[in-house]
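Next up, query-v8.csv (CSV, C-alpha atoms):
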```csv
chain,number,residue,atom,x,y,z
A,1,LEU,CA,-29.9,-11.7,2.1
A,2,HIS,CA,-30.2,-14.1,-0.9
A,3,GLN,CA,-34.0,-14.1,-0.7
A,4,ALA,CA,-34.0,-10.2,-0.4
A,5,LEU,CA,-31.8,-10.0,-3.5
A,6,GLU,CA,-34.1,-12.3,-5.4
A,7,LYS,CA,-37.1,-10.3,-4.5
A,8,LEU,CA,-35.4,-7.1,-5.6
A,9,HIS,CA,-34.5,-8.6,-8.9
A,10,GLU,CA,-38.0,-9.9,-9.4
A,11,ASN,CA,-39.3,-6.4,-8.9
A,12,SER,CA,-36.7,-4.6,-11.0
A,13,GLN,CA,-35.5,-7.1,-13.6
A,14,SER,CA,-32.3,-5.1,-14.0
A,15,ASP,CA,-29.6,-5.7,-16.6
A,16,VAL,CA,-27.1,-3.8,-14.5
A,17,VAL,CA,-26.9,-3.5,-10.7
A,18,ALA,CA,-24.7,-1.1,-8.8
A,19,LEU,CA,-23.8,-1.9,-5.2
A,20,GLN,CA,-22.4,0.1,-2.3
A,21,GLU,CA,-21.1,-1.0,1.1
A,22,VAL,CA,-20.2,-4.4,-0.2
A,23,ASP,CA,-18.6,-7.2,1.8
A,24,VAL,CA,-16.1,-9.7,0.4
A,25,GLN,CA,-14.6,-12.3,2.7
A,26,GLN,CA,-16.0,-10.7,5.8
A,27,SER,CA,-16.8,-12.9,8.8
A,28,ARG,CA,-19.9,-10.8,9.6
A,29,SER,CA,-21.5,-11.8,6.2
A,30,GLY,CA,-20.4,-15.4,6.0
A,31,HIS,CA,-17.0,-14.9,4.2
A,32,GLY,CA,-18.8,-14.7,0.9
A,33,ASN,CA,-18.6,-12.4,-2.1
A,34,GLN,CA,-21.7,-10.2,-2.2
A,35,VAL,CA,-21.0,-8.9,-5.7
A,36,ALA,CA,-20.7,-12.5,-7.2
A,37,GLU,CA,-23.8,-13.5,-5.3
A,38,MET,CA,-25.8,-10.6,-6.8
A,39,ALA,CA,-24.5,-11.7,-10.3
A,40,GLU,CA,-25.7,-15.2,-9.6
A,41,VAL,CA,-29.1,-14.0,-8.5
A,42,ILE,CA,-29.7,-12.0,-11.7
A,43,GLY,CA,-27.9,-14.4,-14.1
A,44,ALA,CA,-25.2,-11.9,-15.0
A,45,LYS,CA,-21.9,-13.0,-16.5
A,46,TYR,CA,-20.0,-9.8,-15.7
A,47,TRP,CA,-19.2,-8.3,-12.4
A,48,ALA,CA,-16.4,-6.2,-10.7
A,49,PHE,CA,-15.6,-5.2,-7.1
A,50,ALA,CA,-13.4,-2.2,-6.1
A,51,PRO,CA,-12.3,-2.5,-2.5
A,52,TRP,CA,-11.5,0.7,-0.7
A,53,MET,CA,-10.3,-1.1,2.5
A,54,TYR,CA,-8.8,-4.3,3.7
A,55,GLY,CA,-10.4,-5.1,7.0
A,56,THR,CA,-13.8,-4.2,8.5
A,57,PRO,CA,-15.5,-0.8,8.8
A,58,GLY,CA,-15.6,0.4,12.3
A,59,GLU,CA,-12.9,-2.0,13.4
A,60,LYS,CA,-9.3,-2.5,12.1
A,61,TRP,CA,-8.7,-1.6,8.5
A,62,ASN,CA,-6.2,-0.3,5.9
A,63,GLY,CA,-7.2,1.9,3.0
A,64,VAL,CA,-6.6,0.9,-0.6
A,65,LYS,CA,-4.7,3.5,-2.6
A,66,ALA,CA,-4.0,1.4,-5.6
A,67,ALA,CA,-6.4,1.2,-8.6
A,68,ILE,CA,-7.5,-2.3,-7.8
A,69,VAL,CA,-10.5,-3.9,-9.5
A,70,PHE,CA,-11.4,-7.6,-9.1
A,71,ASP,CA,-13.7,-8.9,-11.7
A,72,ASN,CA,-15.3,-12.2,-12.7
A,73,GLN,CA,-12.0,-13.4,-14.2
A,74,SER,CA,-9.9,-12.5,-11.1
A,75,SER,CA,-8.5,-14.6,-8.4
A,76,ILE,CA,-10.0,-13.1,-5.2
A,77,PRO,CA,-7.7,-12.9,-2.2
A,78,GLN,CA,-8.8,-14.3,1.2
A,79,ASP,CA,-8.5,-10.9,2.9
A,80,SER,CA,-11.5,-9.2,4.4
A,81,MET,CA,-12.5,-6.4,2.0
A,82,TYR,CA,-15.2,-3.7,1.7
A,83,GLY,CA,-16.1,-1.4,-1.1
A,84,ILE,CA,-18.4,-1.0,-4.2
A,85,GLY,CA,-19.4,-3.2,-7.1
A,86,ILE,CA,-21.2,-3.5,-10.4
A,87,VAL,CA,-23.0,-6.5,-11.9
A,88,SER,CA,-23.9,-6.6,-15.6
A,89,LYS,CA,-25.7,-8.9,-18.0
A,90,ILE,CA,-24.4,-6.6,-20.8
A,91,PRO,CA,-20.8,-7.3,-21.9
A,92,VAL,CA,-18.3,-4.9,-20.3
A,93,LYS,CA,-15.5,-3.6,-22.6
A,94,ARG,CA,-13.4,-2.4,-19.6
A,95,TRP,CA,-13.6,-1.5,-16.0
A,96,HIS,CA,-12.2,1.8,-14.5
A,97,ARG,CA,-11.5,2.8,-10.9
A,98,ILE,CA,-11.3,6.5,-9.8
A,99,ASN,CA,-9.7,7.0,-6.4
A,100,LEU,CA,-11.2,9.9,-4.4
A,101,GLY,CA,-9.3,10.0,-1.2
A,102,LYS,CA,-11.0,10.8,2.2
A,103,ALA,CA,-11.6,13.7,4.4
A,104,PRO,CA,-8.8,14.1,7.1
A,105,LEU,CA,-11.4,14.4,9.8
A,106,GLY,CA,-14.7,12.7,10.5
A,107,MET,CA,-17.7,14.3,12.1
A,108,PRO,CA,-20.5,13.5,14.5
A,109,LEU,CA,-23.5,12.0,12.8
A,110,ILE,CA,-27.1,11.4,13.8
A,111,VAL,CA,-27.8,7.8,13.0
A,112,PRO,CA,-31.5,6.9,12.7
A,113,GLY,CA,-32.7,3.8,14.6
A,114,GLU,CA,-35.9,1.9,14.5
A,115,LYS,CA,-36.9,3.5,17.9
A,116,ARG,CA,-34.9,6.7,18.1
A,117,PRO,CA,-31.8,8.4,16.5
A,118,ARG,CA,-28.4,8.5,18.2
A,119,MET,CA,-25.3,10.6,17.9
A,120,ILE,CA,-21.9,9.0,17.1
A,121,TYR,CA,-18.5,10.2,15.9
A,122,VAL,CA,-17.5,8.6,12.6
A,123,SER,CA,-14.1,8.7,10.9
A,124,ASP,CA,-14.2,9.1,7.1
A,125,GLU,CA,-13.1,6.2,4.8
A,126,PRO,CA,-11.2,6.3,1.6
A,127,ARG,CA,-13.6,6.5,-1.3
A,128,SER,CA,-13.6,5.5,-5.0
A,129,ALA,CA,-15.8,5.2,-8.0
A,130,LEU,CA,-16.2,2.1,-10.3
A,131,VAL,CA,-17.0,2.6,-13.9
A,132,ALA,CA,-18.3,-0.1,-16.3
A,133,GLU,CA,-17.8,0.8,-20.0
A,134,LEU,CA,-20.5,-1.4,-21.6
A,135,GLU,CA,-20.4,-2.7,-25.2
A,136,ASN,CA,-23.7,-1.0,-25.9
A,137,GLY,CA,-22.2,2.5,-25.6
A,138,ILE,CA,-23.4,3.3,-22.1
A,139,SER,CA,-21.0,3.8,-19.2
A,140,VAL,CA,-22.4,3.1,-15.7
A,141,THR,CA,-20.6,4.5,-12.7
A,142,THR,CA,-21.2,3.8,-9.0
A,143,THR,CA,-19.8,5.4,-5.9
A,144,HIS,CA,-20.4,6.1,-2.2
A,145,LEU,CA,-19.2,9.6,-1.4
A,146,SER,CA,-17.9,11.0,1.9
A,147,PHE,CA,-20.4,12.2,4.4
A,148,VAL,CA,-18.2,15.2,5.1
A,149,PRO,CA,-19.6,18.4,3.6
A,150,LEU,CA,-17.6,19.9,0.7
A,151,LYS,CA,-15.4,16.8,0.5
A,152,ASN,CA,-18.3,14.9,-1.2
A,153,VAL,CA,-18.8,17.8,-3.6
A,154,GLN,CA,-15.1,17.7,-4.5
A,155,GLN,CA,-15.3,14.0,-5.1
A,156,LEU,CA,-18.4,14.2,-7.3
A,157,ARG,CA,-16.9,16.9,-9.5
A,158,LYS,CA,-13.8,14.7,-9.9
A,159,ILE,CA,-15.9,11.7,-11.0
A,160,SER,CA,-18.1,13.7,-13.4
A,161,LYS,CA,-15.1,15.4,-15.0
A,162,TRP,CA,-13.4,12.0,-15.5
A,163,VAL,CA,-16.4,10.1,-16.8
A,164,GLU,CA,-17.5,12.7,-19.2
A,165,GLN,CA,-14.2,12.0,-21.2
A,166,LEU,CA,-15.7,8.6,-22.2
A,167,SER,CA,-17.8,8.5,-25.3
A,168,GLY,CA,-21.5,7.5,-25.3
A,169,ILE,CA,-24.2,7.8,-22.7
A,170,HIS,CA,-23.2,8.4,-19.1
A,171,ILE,CA,-25.2,7.1,-16.1
A,172,MET,CA,-24.0,7.6,-12.5
A,173,THR,CA,-25.5,5.8,-9.4
A,174,GLY,CA,-24.8,5.5,-5.7
A,175,ASP,CA,-25.0,7.0,-2.3
A,176,PHE,CA,-23.8,10.5,-2.7
A,177,ASN,CA,-24.5,11.8,0.9
A,178,LEU,CA,-25.9,15.0,-0.7
A,179,PRO,CA,-29.5,15.7,0.1
A,180,TRP,CA,-32.2,17.9,-1.5
A,181,GLY,CA,-31.3,17.0,-5.1
A,182,LEU,CA,-27.8,18.4,-4.7
A,183,GLY,CA,-26.0,15.4,-6.3
A,184,PRO,CA,-27.2,16.0,-9.9
A,185,LYS,CA,-27.0,19.8,-9.4
A,186,VAL,CA,-23.3,19.6,-8.4
A,187,ALA,CA,-22.5,17.2,-11.3
A,188,GLY,CA,-24.6,19.2,-13.8
A,189,TRP,CA,-26.4,16.0,-14.6
A,190,LYS,CA,-30.1,15.1,-14.6
A,191,ASP,CA,-31.9,13.3,-11.7
A,192,LEU,CA,-33.6,10.3,-13.2
A,193,ALA,CA,-35.2,8.9,-10.0
A,194,VAL,CA,-36.5,11.7,-7.7
A,195,GLY,CA,-37.6,10.8,-4.2
A,196,PRO,CA,-36.5,10.1,-0.7
A,197,THR,CA,-34.5,6.9,-0.1
A,198,TYR,CA,-33.2,7.2,3.5
A,199,PRO,CA,-33.8,5.8,6.0
A,200,SER,CA,-35.3,2.7,4.3
A,201,TRP,CA,-38.0,2.1,6.9
A,202,LYS,CA,-39.4,5.7,6.7
A,203,PRO,CA,-37.5,7.6,3.9
A,204,SER,CA,-37.4,11.3,4.2
A,205,ILE,CA,-34.1,12.2,2.6
A,206,GLU,CA,-32.8,11.7,-1.0
A,207,PHE,CA,-29.2,10.6,-0.7
A,208,ASP,CA,-29.2,8.0,-3.5
A,209,TYR,CA,-29.3,9.0,-7.1
A,210,ILE,CA,-29.4,7.6,-10.6
A,211,MET,CA,-28.3,10.5,-12.8
A,212,SER,CA,-27.3,11.0,-16.4
A,213,LYS,CA,-25.5,13.6,-18.5
A,214,GLU,CA,-27.5,12.8,-21.6
A,215,LEU,CA,-30.8,11.1,-20.5
A,216,SER,CA,-33.8,13.0,-19.0
A,217,PRO,CA,-36.5,11.7,-16.6
A,218,GLY,CA,-38.8,11.3,-19.6
A,219,ASP,CA,-36.4,8.8,-21.2
A,220,VAL,CA,-36.8,6.3,-18.3
A,221,LYS,CA,-39.3,4.7,-15.9
A,222,ALA,CA,-38.1,5.2,-12.4
A,223,VAL,CA,-38.9,3.1,-9.3
A,224,ILE,CA,-38.0,3.6,-5.6
A,225,HIS,CA,-38.3,0.1,-4.2
A,226,GLU,CA,-39.8,-1.1,-0.9
A,227,HIS,CA,-37.9,-1.8,2.3
A,228,TYR,CA,-36.4,-5.3,2.0
A,229,GLY,CA,-34.7,-5.3,5.4
A,230,VAL,CA,-31.1,-5.6,4.2
A,231,SER,CA,-30.1,-2.0,4.0
A,232,ASP,CA,-30.8,1.4,5.6
A,233,HIS,CA,-31.2,2.8,2.1
A,234,ARG,CA,-33.9,2.0,-0.4
A,235,ALA,CA,-32.9,0.6,-3.8
A,236,ILE,CA,-33.8,2.6,-6.8
A,237,SER,CA,-34.0,1.6,-10.5
A,238,VAL,CA,-34.6,3.1,-13.9
A,239,THR,CA,-35.7,1.3,-17.1
A,240,LEU,CA,-34.9,3.0,-20.4
A,241,ILE,CA,-38.0,3.4,-22.5
```
Could you express the structure from this file as structure tokens?
Amino acid sequence: LHQALEKLHENSQSDVVALQEVDVQQSRSGHGNQVAEMAEVIGAKYWAFAPWMYGTPGEKWNGVKAAIVFDNQSSIPQDSMYGIGIVSKIPVKRWHRINLGKAPLGMPLIVPGEKRPRMIYVSDEPRSALVAELENGISVTTTHLSFVPLKNVQQLRKISKWVEQLSGIHIMTGDFNLPWGLGPKVAGWKDLAVGPTYPSWKPSIEFDYIMSKELSPGDVKAVIHEHYGVSDHRAISVTLI
């Protein structure tokens, strides 16, 4: 994982990195803090982690309803946690967390495999968004929305309405589980990095977006990165020009 993160940073040279499906204190990932590890890789002083469950996805877990955010100045509990994170070289004025709830029912999903897809029933998880208000006047939001149709639309509208109250330039990132460019369309924002990102080994669907309320594609240089073998989604990045 560390080598893959270093390679990604080498190819993107990002000042801010948004992370989804992050493990902290999970036995399956060596009891580490993947957000802090990403910060170390890029040489970032500021980071935050918003857990949306204690426990392990697909096993035993409890949802997090409080507006908990652990940052680089926090004492991290020893509990297994899972959620989203942001890492930044740019000073962060404040962190915000927006809780989004979960769909009451899951749904059967076709999960792609290296050889062939398979069908499994998946329960939904509690979702949230993490916002970094940067000192340079840009707010960066990351999220991982529900895979349940309409619930993800409701969640995205809640985030965009909340974030737009902040002053400055707004950028939103993450896995929105909304294909065909629907993420930016639902939010009323602009898609800055157009192209398929899922599955990572042969992408055909655009689930992952970097979108902005104020910026347009002509304001950035966008890259969809290669398959690094650590995720079933491809990383995307934009550089302001």
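Counting all atoms listed in the file and comparing A:Ser80, A:Asn62, A:Gln154, A:Ser88, the residue that lies closest to Trp47 (chain A) is A:Ser88.
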Excluding Arg157 (chain A) and any residue of its chain fewer than 5 positions from it, enumerate the residues within 9 Å of it, using all atoms listed in the file, and give them as a tab-separated table (two decimals) with C-alpha atoms, keeping the file's coordinate frame.
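Once written, around_23.tsv looks like this:
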```
chain	number	residue	atom	x	y	z
A	152	ASN	CA	-18.30	14.90	-1.20
A	162	TRP	CA	-13.40	12.00	-15.50
A	186	VAL	CA	-23.30	19.60	-8.40
A	187	ALA	CA	-22.50	17.20	-11.30
```
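Between Gly55 (chain A) and the residues A:Ala235, A:Val140, A:Met81, A:Val194, the shortest atom-to-atom distance, using all atoms listed in the file, involves A:Met81.
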Residue contacts of region 12-21 of chain A (8 Å, only C-alpha atoms) excluding same-chain residues fewer than 2 positions away, as a ChimeraX atom specification: /A:8-10,23,35,42,44,82-90,141-144,173-175,237,239
Distance query 12 Å from (-33.7, 2.4, 7.2) using only C-alpha atoms, result as a PyMOL selection string: chain A and resi 111-117+196-205+226-235
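Nearest-residue note for Lys45 (chain A): choosing from A:Asp71, A:Glu6, A:Asp191, A:Glu59, the minimum distance belongs to A:Asp71, counting only C-alpha atoms.
Proximity to His31 (chain A) was assessed for A:Leu100, A:Ile76, A:Leu215, A:Met53 counting all atoms listed in the file; the smallest distance is recorded for A:Ile76.
Near Lys93 (chain A), within 12 Å and counting only C-alpha atoms, sit Tyr46, Trp47, Ser88, Ile90, Pro91, Trp95, His96, Val131, Ala132, Glu133, Leu134, Glu135, Asn136, Gly137, Ile138, Ser139 and Val140 of chain A, not including residues fewer than 2 positions from it in the same chain.
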Distance in Å - CA of Ile169 (chain A) versus CA of Asn33 (chain A): 29.4 Å
Close residues, Ile159 (chain A) itself excluded, 8 Å, only C-alpha atoms, min 4 positions apart in chain, as an MDAnalysis selection string: chainID A and resid 98 129 155 163
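Residue nearest Glu206 (chain A) within the list A:Gly63, A:Pro51, A:Pro184, A:Pro179: A:Pro179 [criterion: smallest interatomic distance, all atoms listed in the file].
CA of His225 (chain A) is positioned 21.5 Å from CA of Leu145 (chain A).
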For Arg97 (chain A): contacts at 9 Å, all atoms listed in the file, fewer than 2 positions along chain excluded, given as a VMD selection string: chain A and resid 50 67 to 69 95 99 128 to 131
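Picture a line from CA of Leu240 (chain A) to CA of Glu214 (chain A); it runs 12.3 Å.
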Where atoms are missing, can you supply all heavy atoms for region 29-40 of chain A and output the lot as a PDB file, in the frame of the given file?
```pdb
ATOM      1  N   SER A  29     -20.510 -11.411   7.270  1.00  0.00           N
ATOM      2  CA  SER A  29     -21.500 -11.800   6.200  1.00  0.00           C
ATOM      3  C   SER A  29     -21.151 -13.126   5.607  1.00  0.00           C
ATOM      4  O   SER A  29     -21.447 -13.392   4.443  1.00  0.00           O
ATOM      5  CB  SER A  29     -21.444 -10.679   5.108  1.00  0.00           C
ATOM      6  OG  SER A  29     -20.131 -10.400   4.668  1.00  0.00           O
ATOM      7  N   GLY A  30     -20.552 -13.999   6.430  1.00  0.00           N
ATOM      8  CA  GLY A  30     -20.400 -15.400   6.000  1.00  0.00           C
ATOM      9  C   GLY A  30     -19.228 -15.665   5.086  1.00  0.00           C
ATOM     10  O   GLY A  30     -19.209 -16.690   4.410  1.00  0.00           O
ATOM     11  N   HIS A  31     -18.242 -14.750   5.035  1.00  0.00           N
ATOM     12  CA  HIS A  31     -17.000 -14.900   4.200  1.00  0.00           C
ATOM     13  C   HIS A  31     -17.361 -15.092   2.723  1.00  0.00           C
ATOM     14  O   HIS A  31     -16.595 -15.721   1.988  1.00  0.00           O
ATOM     15  CB  HIS A  31     -16.217 -16.130   4.705  1.00  0.00           C
ATOM     16  CG  HIS A  31     -15.703 -15.979   6.093  1.00  0.00           C
ATOM     17  ND1 HIS A  31     -14.589 -15.234   6.395  1.00  0.00           N
ATOM     18  CD2 HIS A  31     -16.180 -16.457   7.276  1.00  0.00           C
ATOM     19  CE1 HIS A  31     -14.384 -15.272   7.714  1.00  0.00           C
ATOM     20  NE2 HIS A  31     -15.326 -15.998   8.271  1.00  0.00           N
ATOM     21  N   GLY A  32     -18.466 -14.536   2.277  1.00  0.00           N
ATOM     22  CA  GLY A  32     -18.800 -14.700   0.900  1.00  0.00           C
ATOM     23  C   GLY A  32     -18.385 -13.470   0.043  1.00  0.00           C
ATOM     24  O   GLY A  32     -17.675 -12.583   0.515  1.00  0.00           O
ATOM     25  N   ASN A  33     -18.815 -13.479  -1.207  1.00  0.00           N
ATOM     26  CA  ASN A  33     -18.600 -12.400  -2.100  1.00  0.00           C
ATOM     27  C   ASN A  33     -19.930 -11.856  -2.570  1.00  0.00           C
ATOM     28  O   ASN A  33     -20.611 -12.456  -3.398  1.00  0.00           O
ATOM     29  CB  ASN A  33     -17.766 -12.897  -3.345  1.00  0.00           C
ATOM     30  CG  ASN A  33     -17.470 -11.811  -4.370  1.00  0.00           C
ATOM     31  OD1 ASN A  33     -18.177 -10.819  -4.471  1.00  0.00           O
ATOM     32  ND2 ASN A  33     -16.418 -12.013  -5.143  1.00  0.00           N
ATOM     33  N   GLN A  34     -20.344 -10.733  -1.980  1.00  0.00           N
ATOM     34  CA  GLN A  34     -21.700 -10.200  -2.200  1.00  0.00           C
ATOM     35  C   GLN A  34     -21.912  -9.768  -3.645  1.00  0.00           C
ATOM     36  O   GLN A  34     -23.037  -9.797  -4.145  1.00  0.00           O
ATOM     37  CB  GLN A  34     -22.017  -9.121  -1.213  1.00  0.00           C
ATOM     38  CG  GLN A  34     -22.123  -9.619   0.223  1.00  0.00           C
ATOM     39  CD  GLN A  34     -22.514  -8.530   1.207  1.00  0.00           C
ATOM     40  OE1 GLN A  34     -22.238  -7.357   0.999  1.00  0.00           O
ATOM     41  NE2 GLN A  34     -23.155  -8.929   2.299  1.00  0.00           N
ATOM     42  N   VAL A  35     -20.846  -9.352  -4.323  1.00  0.00           N
ATOM     43  CA  VAL A  35     -21.000  -8.900  -5.700  1.00  0.00           C
ATOM     44  C   VAL A  35     -21.256 -10.165  -6.595  1.00  0.00           C
ATOM     45  O   VAL A  35     -22.166 -10.181  -7.431  1.00  0.00           O
ATOM     46  CB  VAL A  35     -19.745  -8.188  -6.210  1.00  0.00           C
ATOM     47  CG1 VAL A  35     -19.966  -7.665  -7.625  1.00  0.00           C
ATOM     48  CG2 VAL A  35     -19.394  -7.038  -5.287  1.00  0.00           C
ATOM     49  N   ALA A  36     -20.458 -11.221  -6.393  1.00  0.00           N
ATOM     50  CA  ALA A  36     -20.700 -12.500  -7.200  1.00  0.00           C
ATOM     51  C   ALA A  36     -22.019 -13.071  -6.865  1.00  0.00           C
ATOM     52  O   ALA A  36     -22.661 -13.640  -7.755  1.00  0.00           O
ATOM     53  CB  ALA A  36     -19.541 -13.444  -6.838  1.00  0.00           C
ATOM     54  N   GLU A  37     -22.474 -12.932  -5.624  1.00  0.00           N
ATOM     55  CA  GLU A  37     -23.800 -13.500  -5.300  1.00  0.00           C
ATOM     56  C   GLU A  37     -24.904 -12.725  -5.993  1.00  0.00           C
ATOM     57  O   GLU A  37     -25.853 -13.339  -6.485  1.00  0.00           O
ATOM     58  CB  GLU A  37     -24.006 -13.371  -3.751  1.00  0.00           C
ATOM     59  CG  GLU A  37     -25.309 -13.998  -3.291  1.00  0.00           C
ATOM     60  CD  GLU A  37     -25.471 -14.019  -1.780  1.00  0.00           C
ATOM     61  OE1 GLU A  37     -24.490 -13.721  -1.060  1.00  0.00           O
ATOM     62  OE2 GLU A  37     -26.585 -14.331  -1.319  1.00  0.00           O
ATOM     63  N   MET A  38     -24.765 -11.407  -6.100  1.00  0.00           N
ATOM     64  CA  MET A  38     -25.800 -10.600  -6.800  1.00  0.00           C
ATOM     65  C   MET A  38     -25.753 -11.039  -8.305  1.00  0.00           C
ATOM     66  O   MET A  38     -26.819 -11.166  -8.938  1.00  0.00           O
ATOM     67  CB  MET A  38     -25.448  -9.138  -6.713  1.00  0.00           C
ATOM     68  CG  MET A  38     -26.494  -8.229  -7.322  1.00  0.00           C
ATOM     69  SD  MET A  38     -27.993  -8.076  -6.318  1.00  0.00           S
ATOM     70  CE  MET A  38     -29.254  -8.555  -7.483  1.00  0.00           C
ATOM     71  N   ALA A  39     -24.556 -11.273  -8.868  1.00  0.00           N
ATOM     72  CA  ALA A  39     -24.500 -11.700 -10.300  1.00  0.00           C
ATOM     73  C   ALA A  39     -25.173 -13.041 -10.473  1.00  0.00           C
ATOM     74  O   ALA A  39     -25.872 -13.244 -11.472  1.00  0.00           O
ATOM     75  CB  ALA A  39     -22.994 -11.817 -10.677  1.00  0.00           C
ATOM     76  N   GLU A  40     -25.025 -13.940  -9.519  1.00  0.00           N
ATOM     77  CA  GLU A  40     -25.700 -15.200  -9.600  1.00  0.00           C
ATOM     78  C   GLU A  40     -27.198 -15.093  -9.554  1.00  0.00           C
ATOM     79  O   GLU A  40     -27.927 -15.752 -10.300  1.00  0.00           O
ATOM     80  CB  GLU A  40     -25.203 -16.144  -8.464  1.00  0.00           C
ATOM     81  CG  GLU A  40     -25.821 -17.531  -8.466  1.00  0.00           C
ATOM     82  CD  GLU A  40     -25.376 -18.369  -7.282  1.00  0.00           C
ATOM     83  OE1 GLU A  40     -24.440 -17.971  -6.570  1.00  0.00           O
ATOM     84  OE2 GLU A  40     -25.992 -19.432  -7.067  1.00  0.00           O
TER      85      GLU A  40
END
```
